[in-house]
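Participant: Dropping a structure here in structure tokens format, bear with me for questions.
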Amino acid sequence: MTIELDEVTISAGLVDGRPVAVVLSGGETLFQTTGEDVGDAVDKARARLANRHAPRASATAVPAPAAMVADGPGRVASGRIQVQPRTRRLPLPAFFCLEAGRELRPRLSGNADDGISQGFHQVDPTRKSPMTPVMPNIARARASGNAYPARPDEAVVSSAAYRDLVMVSHVVYALLKERGAVCAQDIDGEVAARVSSRFAGTDVANKVRPCVLDTLRDLRLFGLATAPVQGGFRRTTPFRFVDPHTVLLADATETPKA
């Protein structure tokens, strides 16, 4: 649910199974409220907005904004990040969980073209181009049970050398969902076996294994997985599954096609 007001936007939905209403202005989060259900959270947000503009009889201290439900530092409203055009075709989460590290480009520029020619990640300004040819689709995960297609489709905009790696991402998501928590080291052998009809020999080490970890990092970026650290991910880093129905979309008023 998204409600447009004069100066702010209220985006409401479930985050980690909790009803949450997030109030944003110019793409930046002002505060959030929770409630018994989504409607109650929205009502509390409206009431808090009304109090912000009401005249005060005395210099009463303003309560601090409610703590954000977060995976950790690096949680940024998705509207404050320039994503590549191919990624804008997908439903975006209300927030991205960026990785720690030096930003390789400005958050709102330098990423206007598809592809890897500039070496930038489709979304995260701290990351270089990944092996994953497409970002996870939250709506697809809700509707079909997997955030990636089993084979390249029209959503996979990439070169011929990388398009088929979506098969790897599909298997990674399936294993993460099935087991609840995985690390790349524990599953990359099984992933390689399941895609062996397409990738074999040196492709396993050069493409499949890097794609396994990149997929887990992308899922965390979109809120579809969590990890105990914000950056420096290794093949031994555990990632935990997040139910896609609990991920708040940037525009919760519509459900994009899966």
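In the structure tokens, each chain is lettered A, B, ... as it comes, each chain's residues begin at 1, and ligands are numbered from 1 in order of appearance.
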Show me, as a Markdown table, the residues of range 89-200 of chain A having an atom within 12 Å of range 24-48 of chain A, each with the closest atom pair and its distance in Å, using only C-alpha atoms.
Facilitator:
```
| residue | atom | partner | partner_atom | distance |
| --- | --- | --- | --- | --- |
| A:Ala94 | CA | A:Gly27 | CA | 9.9 |
| A:Phe95 | CA | A:Thr29 | CA | 9.9 |
| A:Leu108 | CA | A:Gly27 | CA | 11.5 |
```
Participant: May I ask for the distance between CA of Val134 in chain A and CA of Val157 in chain A, given in Å to one decimal place?
Facilitator: 7.0 Å
Participant: If you run DSSP over the backbone, which residues in range 23-241 of chain A end up strand (DSSP E or B)? Put them as a ChimeraX atom specification.
Facilitator: /A:23-25,28-34,75-77,93,95-97,120,128,181-182,225-226,239-241
Participant: One decimal, in Å: what's the spacing between CA of Thr215 in chain A and CA of Leu90 in chain A?
Facilitator: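 Taking CA of Thr215 in chain A as the start and CA of Leu90 in chain A as the end point, the length is 15.9 Å.
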Participant: Please run DSSP on the backbone and report, as number ranges by chain, all residues within range 170-236 of chain A that come out as helix (DSSP H, G or I).
Facilitator: A: 170-179, 184-194, 202-221
Participant: Between A:Ala141, A:Ser129, A:Asp114, A:Ile3, single out the one closest to Pro91 in chain A, counting only C-alpha atoms.
Facilitator: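 Closest candidate: A:Ala141.
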Participant: So, with only C-alpha atoms as the atoms that count, which of A:Tyr162, A:Phe233, A:Phe120, A:Phe239 lies closest to Cys211 in chain A?
Facilitator: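 Distance minimum relative to Cys211 in chain A lands on A:Tyr162.
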Participant: Measure the distance from CA of Gly115 in chain A to CA of Gln84 in chain A in Å and round it to one decimal.
Facilitator: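 Taking CA of Gly115 in chain A as the start and CA of Gln84 in chain A as the end point, the length is 8.3 Å.
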Participant: Could you give me, as a list in words, the residues within 9 Å of Asn137 in chain A, counting only C-alpha atoms and dropping anything in the same chain fewer than 4 positions from it?
Facilitator: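 Contacts, with the query itself left out: Leu90, Pro91, Leu92, Ala141, Arg142, Asn146, Ala147, Tyr148, Phe222 and Ala258 of chain A.
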Participant: Put those residues in a file: N, CA, C and O atoms, as a compact mmCIF listing (two decimals), in the first residue's frame.
Facilitator:
```
# COMPACT_ATOMS: atom_id res chain seq x y z
N LEU A 90 12.12 -4.77 -12.96
CA LEU A 90 11.72 -5.69 -11.91
C LEU A 90 11.08 -4.93 -10.75
O LEU A 90 11.35 -3.74 -10.56
N PRO A 91 10.24 -5.59 -9.94
CA PRO A 91 9.74 -4.95 -8.72
C PRO A 91 10.89 -4.75 -7.75
O PRO A 91 11.65 -5.68 -7.47
N LEU A 92 11.03 -3.54 -7.24
CA LEU A 92 12.14 -3.23 -6.33
C LEU A 92 11.65 -3.23 -4.88
O LEU A 92 10.51 -2.86 -4.60
N ALA A 141 9.19 -14.62 -6.86
CA ALA A 141 9.41 -15.49 -5.70
C ALA A 141 8.10 -15.74 -4.97
O ALA A 141 7.84 -16.86 -4.51
N ARG A 142 7.26 -14.72 -4.86
CA ARG A 142 5.97 -14.89 -4.19
C ARG A 142 5.03 -15.79 -4.99
O ARG A 142 4.34 -16.65 -4.43
N ASN A 146 10.22 -19.13 -6.67
CA ASN A 146 11.64 -18.91 -6.95
C ASN A 146 11.82 -17.51 -7.52
O ASN A 146 11.03 -17.07 -8.36
N ALA A 147 12.85 -16.81 -7.07
CA ALA A 147 13.10 -15.43 -7.49
C ALA A 147 13.74 -15.33 -8.87
O ALA A 147 13.93 -14.23 -9.38
N TYR A 148 14.08 -16.47 -9.45
CA TYR A 148 14.75 -16.50 -10.76
C TYR A 148 14.07 -17.51 -11.67
O TYR A 148 13.61 -18.56 -11.20
N PHE A 222 18.43 -7.43 -1.84
CA PHE A 222 17.00 -7.21 -2.07
C PHE A 222 16.14 -7.59 -0.86
O PHE A 222 14.91 -7.56 -0.95
N ALA A 258 4.98 -11.64 -12.36
CA ALA A 258 6.12 -12.48 -11.99
C ALA A 258 6.86 -12.98 -13.20
O ALA A 258 6.32 -13.07 -14.27
```
Participant: With a distance cut-off of 6 Å and only C-alpha atoms, select the neighbouring residues of range 178-186 of chain A, excluding the residue or stretch itself and same-chain residues fewer than 4 positions from it, and output the selection as a list in words.
Facilitator: Leu213, Arg235, Thr236, Thr237, Pro238, Phe239, Arg240 and Phe241 of chain A
Participant: Could the residues in this selection be written to a file with N, CA and C atoms, as an mmCIF file, in the first residue's frame?
Facilitator:
```cif
data_model
loop_
_atom_site.group_PDB
_atom_site.id
_atom_site.type_symbol
_atom_site.label_atom_id
_atom_site.label_comp_id
_atom_site.auth_asym_id
_atom_site.auth_seq_id
_atom_site.Cartn_x
_atom_site.Cartn_y
_atom_site.Cartn_z
ATOM 1 N N LEU A 213 27.964 -17.363 -4.978
ATOM 2 C CA LEU A 213 28.119 -16.361 -3.930
ATOM 3 C C LEU A 213 27.490 -15.030 -4.350
ATOM 4 N N ARG A 235 32.996 -17.596 0.866
ATOM 5 C CA ARG A 235 32.244 -18.803 0.533
ATOM 6 C C ARG A 235 31.758 -19.523 1.788
ATOM 7 N N THR A 236 32.310 -19.167 2.950
ATOM 8 C CA THR A 236 31.886 -19.776 4.211
ATOM 9 C C THR A 236 30.862 -18.930 4.960
ATOM 10 N N THR A 237 30.499 -17.760 4.425
ATOM 11 C CA THR A 237 29.533 -16.887 5.100
ATOM 12 C C THR A 237 28.122 -17.488 4.996
ATOM 13 N N PRO A 238 27.422 -17.665 6.118
ATOM 14 C CA PRO A 238 26.060 -18.216 6.053
ATOM 15 C C PRO A 238 25.041 -17.141 5.665
ATOM 16 N N PHE A 239 24.094 -17.521 4.822
ATOM 17 C CA PHE A 239 22.976 -16.670 4.432
ATOM 18 C C PHE A 239 21.687 -17.381 4.828
ATOM 19 N N ARG A 240 20.753 -16.601 5.353
ATOM 20 C CA ARG A 240 19.488 -17.176 5.830
ATOM 21 C C ARG A 240 18.326 -16.698 4.956
ATOM 22 N N PHE A 241 17.416 -17.609 4.658
ATOM 23 C CA PHE A 241 16.255 -17.343 3.801
ATOM 24 C C PHE A 241 15.280 -16.379 4.468
#
```
Participant: Find the residues around Val208 in chain A up to 8 Å (only C-alpha atoms counted), leave out those fewer than 4 positions away in its own chain, and share them as JSON, numbers by chain.
Facilitator: {"A": [165, 168, 188, 191, 192, 199, 203, 204, 212]}
Participant: Could you write out the selected residues, including N, CA, C and O atoms, as a CSV table (one decimal), in the first residue's frame?
Facilitator:
```csv
chain,number,residue,atom,x,y,z
A,165,LEU,N,23.6,-18.1,-16.9
A,165,LEU,CA,24.0,-18.2,-15.5
A,165,LEU,C,22.8,-18.0,-14.6
A,165,LEU,O,22.8,-18.3,-13.4
A,168,VAL,N,22.0,-21.0,-12.6
A,168,VAL,CA,22.7,-21.1,-11.3
A,168,VAL,C,22.0,-20.4,-10.2
A,168,VAL,O,21.7,-21.0,-9.1
A,188,ASP,N,28.0,-25.2,-3.6
A,188,ASP,CA,28.4,-25.0,-5.0
A,188,ASP,C,28.6,-26.3,-5.8
A,188,ASP,O,28.5,-26.3,-7.0
A,191,VAL,N,25.1,-27.3,-6.8
A,191,VAL,CA,24.7,-26.4,-7.9
A,191,VAL,C,25.3,-26.8,-9.2
A,191,VAL,O,24.7,-26.9,-10.2
A,192,ALA,N,26.7,-27.0,-9.2
A,192,ALA,CA,27.4,-27.3,-10.4
A,192,ALA,C,26.8,-28.6,-11.0
A,192,ALA,O,26.7,-28.7,-12.2
A,199,PHE,N,27.1,-26.1,-18.0
A,199,PHE,CA,28.4,-25.6,-17.5
A,199,PHE,C,29.2,-26.7,-17.1
A,199,PHE,O,28.8,-27.5,-16.2
A,203,ASP,N,34.4,-23.8,-16.7
A,203,ASP,CA,33.2,-22.9,-16.4
A,203,ASP,C,32.8,-23.1,-14.9
A,203,ASP,O,32.2,-22.1,-14.3
A,204,VAL,N,33.0,-24.2,-14.3
A,204,VAL,CA,32.6,-24.4,-13.0
A,204,VAL,C,33.3,-23.5,-12.0
A,204,VAL,O,32.7,-22.8,-11.2
A,212,VAL,N,27.4,-18.4,-7.6
A,212,VAL,CA,26.7,-18.9,-6.4
A,212,VAL,C,26.8,-17.9,-5.3
A,212,VAL,O,25.7,-17.4,-4.7
```
Participant: Considering only C-alpha atoms, state which residue in the set A:Gly101, A:Asp214, A:Ser196, A:Arg107 is at the smallest distance from Gly79 in chain A.
Facilitator: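 Once distances to Gly79 in chain A are computed over only C-alpha atoms, the minimum belongs to A:Arg107.
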Participant: Select, from A:Leu221, A:Val229, A:Val171, A:Leu176, the residue with the minimum atom-to-atom distance to Thr126 in chain A, counting only C-alpha atoms.
Facilitator: A:Leu221
Participant: Skip Gly223 in chain A itself and residues of its chain fewer than 4 positions away, then list as a tab-separated table (two decimals) with all heavy atoms, in the first residue's frame all residues within 8 Å of it, counting only C-alpha atoms.
Facilitator:
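And here's part.tsv as it stands now:
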```
chain	number	residue	atom	x	y	z
A	71	ASP	N	18.47	-5.13	8.34
A	71	ASP	CA	19.43	-6.23	8.29
A	71	ASP	C	20.74	-5.79	8.94
A	71	ASP	O	21.50	-6.60	9.40
A	71	ASP	CB	19.66	-6.61	6.82
A	71	ASP	CG	20.69	-7.71	6.65
A	71	ASP	OD1	20.45	-8.81	7.16
A	71	ASP	OD2	21.73	-7.45	6.04
A	93	PRO	N	12.52	-3.60	-3.95
A	93	PRO	CA	12.14	-3.51	-2.54
A	93	PRO	C	12.13	-2.05	-2.08
A	93	PRO	O	12.72	-1.18	-2.74
A	93	PRO	CB	13.26	-4.29	-1.84
A	93	PRO	CG	14.46	-4.08	-2.74
A	93	PRO	CD	13.91	-4.07	-4.13
A	95	PHE	N	13.64	-0.97	0.40
A	95	PHE	CA	14.99	-0.69	0.87
A	95	PHE	C	15.98	-1.69	0.27
A	95	PHE	O	15.67	-2.86	0.10
A	95	PHE	CB	15.07	-0.78	2.40
A	95	PHE	CG	14.15	0.16	3.12
A	95	PHE	CD1	12.90	-0.27	3.52
A	95	PHE	CD2	14.53	1.47	3.37
A	95	PHE	CE1	12.04	0.60	4.17
A	95	PHE	CE2	13.68	2.34	4.01
A	95	PHE	CZ	12.42	1.90	4.41
A	96	PHE	N	17.17	-1.19	-0.03
A	96	PHE	CA	18.29	-2.06	-0.39
A	96	PHE	C	19.20	-2.19	0.82
A	96	PHE	O	19.37	-1.23	1.59
A	96	PHE	CB	19.10	-1.47	-1.55
A	96	PHE	CG	18.42	-1.52	-2.89
A	96	PHE	CD1	18.29	-0.37	-3.66
A	96	PHE	CD2	17.91	-2.71	-3.39
A	96	PHE	CE1	17.67	-0.41	-4.89
A	96	PHE	CE2	17.29	-2.76	-4.62
A	96	PHE	CZ	17.17	-1.60	-5.38
A	97	CYS	N	19.81	-3.35	0.99
A	97	CYS	CA	20.80	-3.57	2.04
A	97	CYS	C	22.18	-3.55	1.37
A	97	CYS	O	22.67	-4.58	0.91
A	97	CYS	CB	20.56	-4.89	2.75
A	97	CYS	SG	19.00	-4.94	3.66
A	219	LEU	N	20.57	-11.60	-3.20
A	219	LEU	CA	19.36	-11.87	-2.42
A	219	LEU	C	19.35	-11.07	-1.13
A	219	LEU	O	18.31	-10.53	-0.73
A	219	LEU	CB	19.26	-13.38	-2.12
A	219	LEU	CG	18.96	-14.26	-3.33
A	219	LEU	CD1	19.13	-15.73	-2.97
A	219	LEU	CD2	17.55	-14.01	-3.85
A	242	VAL	N	14.70	-15.47	3.67
A	242	VAL	CA	13.65	-14.56	4.12
A	242	VAL	C	12.42	-14.78	3.23
A	242	VAL	O	12.54	-14.76	2.00
A	242	VAL	CB	14.10	-13.09	4.03
A	242	VAL	CG1	12.93	-12.15	4.33
A	242	VAL	CG2	15.25	-12.83	5.00
A	247	VAL	N	8.79	-9.06	2.46
A	247	VAL	CA	9.63	-8.00	1.93
A	247	VAL	C	8.76	-6.87	1.40
A	247	VAL	O	7.93	-7.08	0.51
A	247	VAL	CB	10.56	-8.53	0.81
A	247	VAL	CG1	11.41	-7.39	0.24
A	247	VAL	CG2	11.45	-9.64	1.35
```
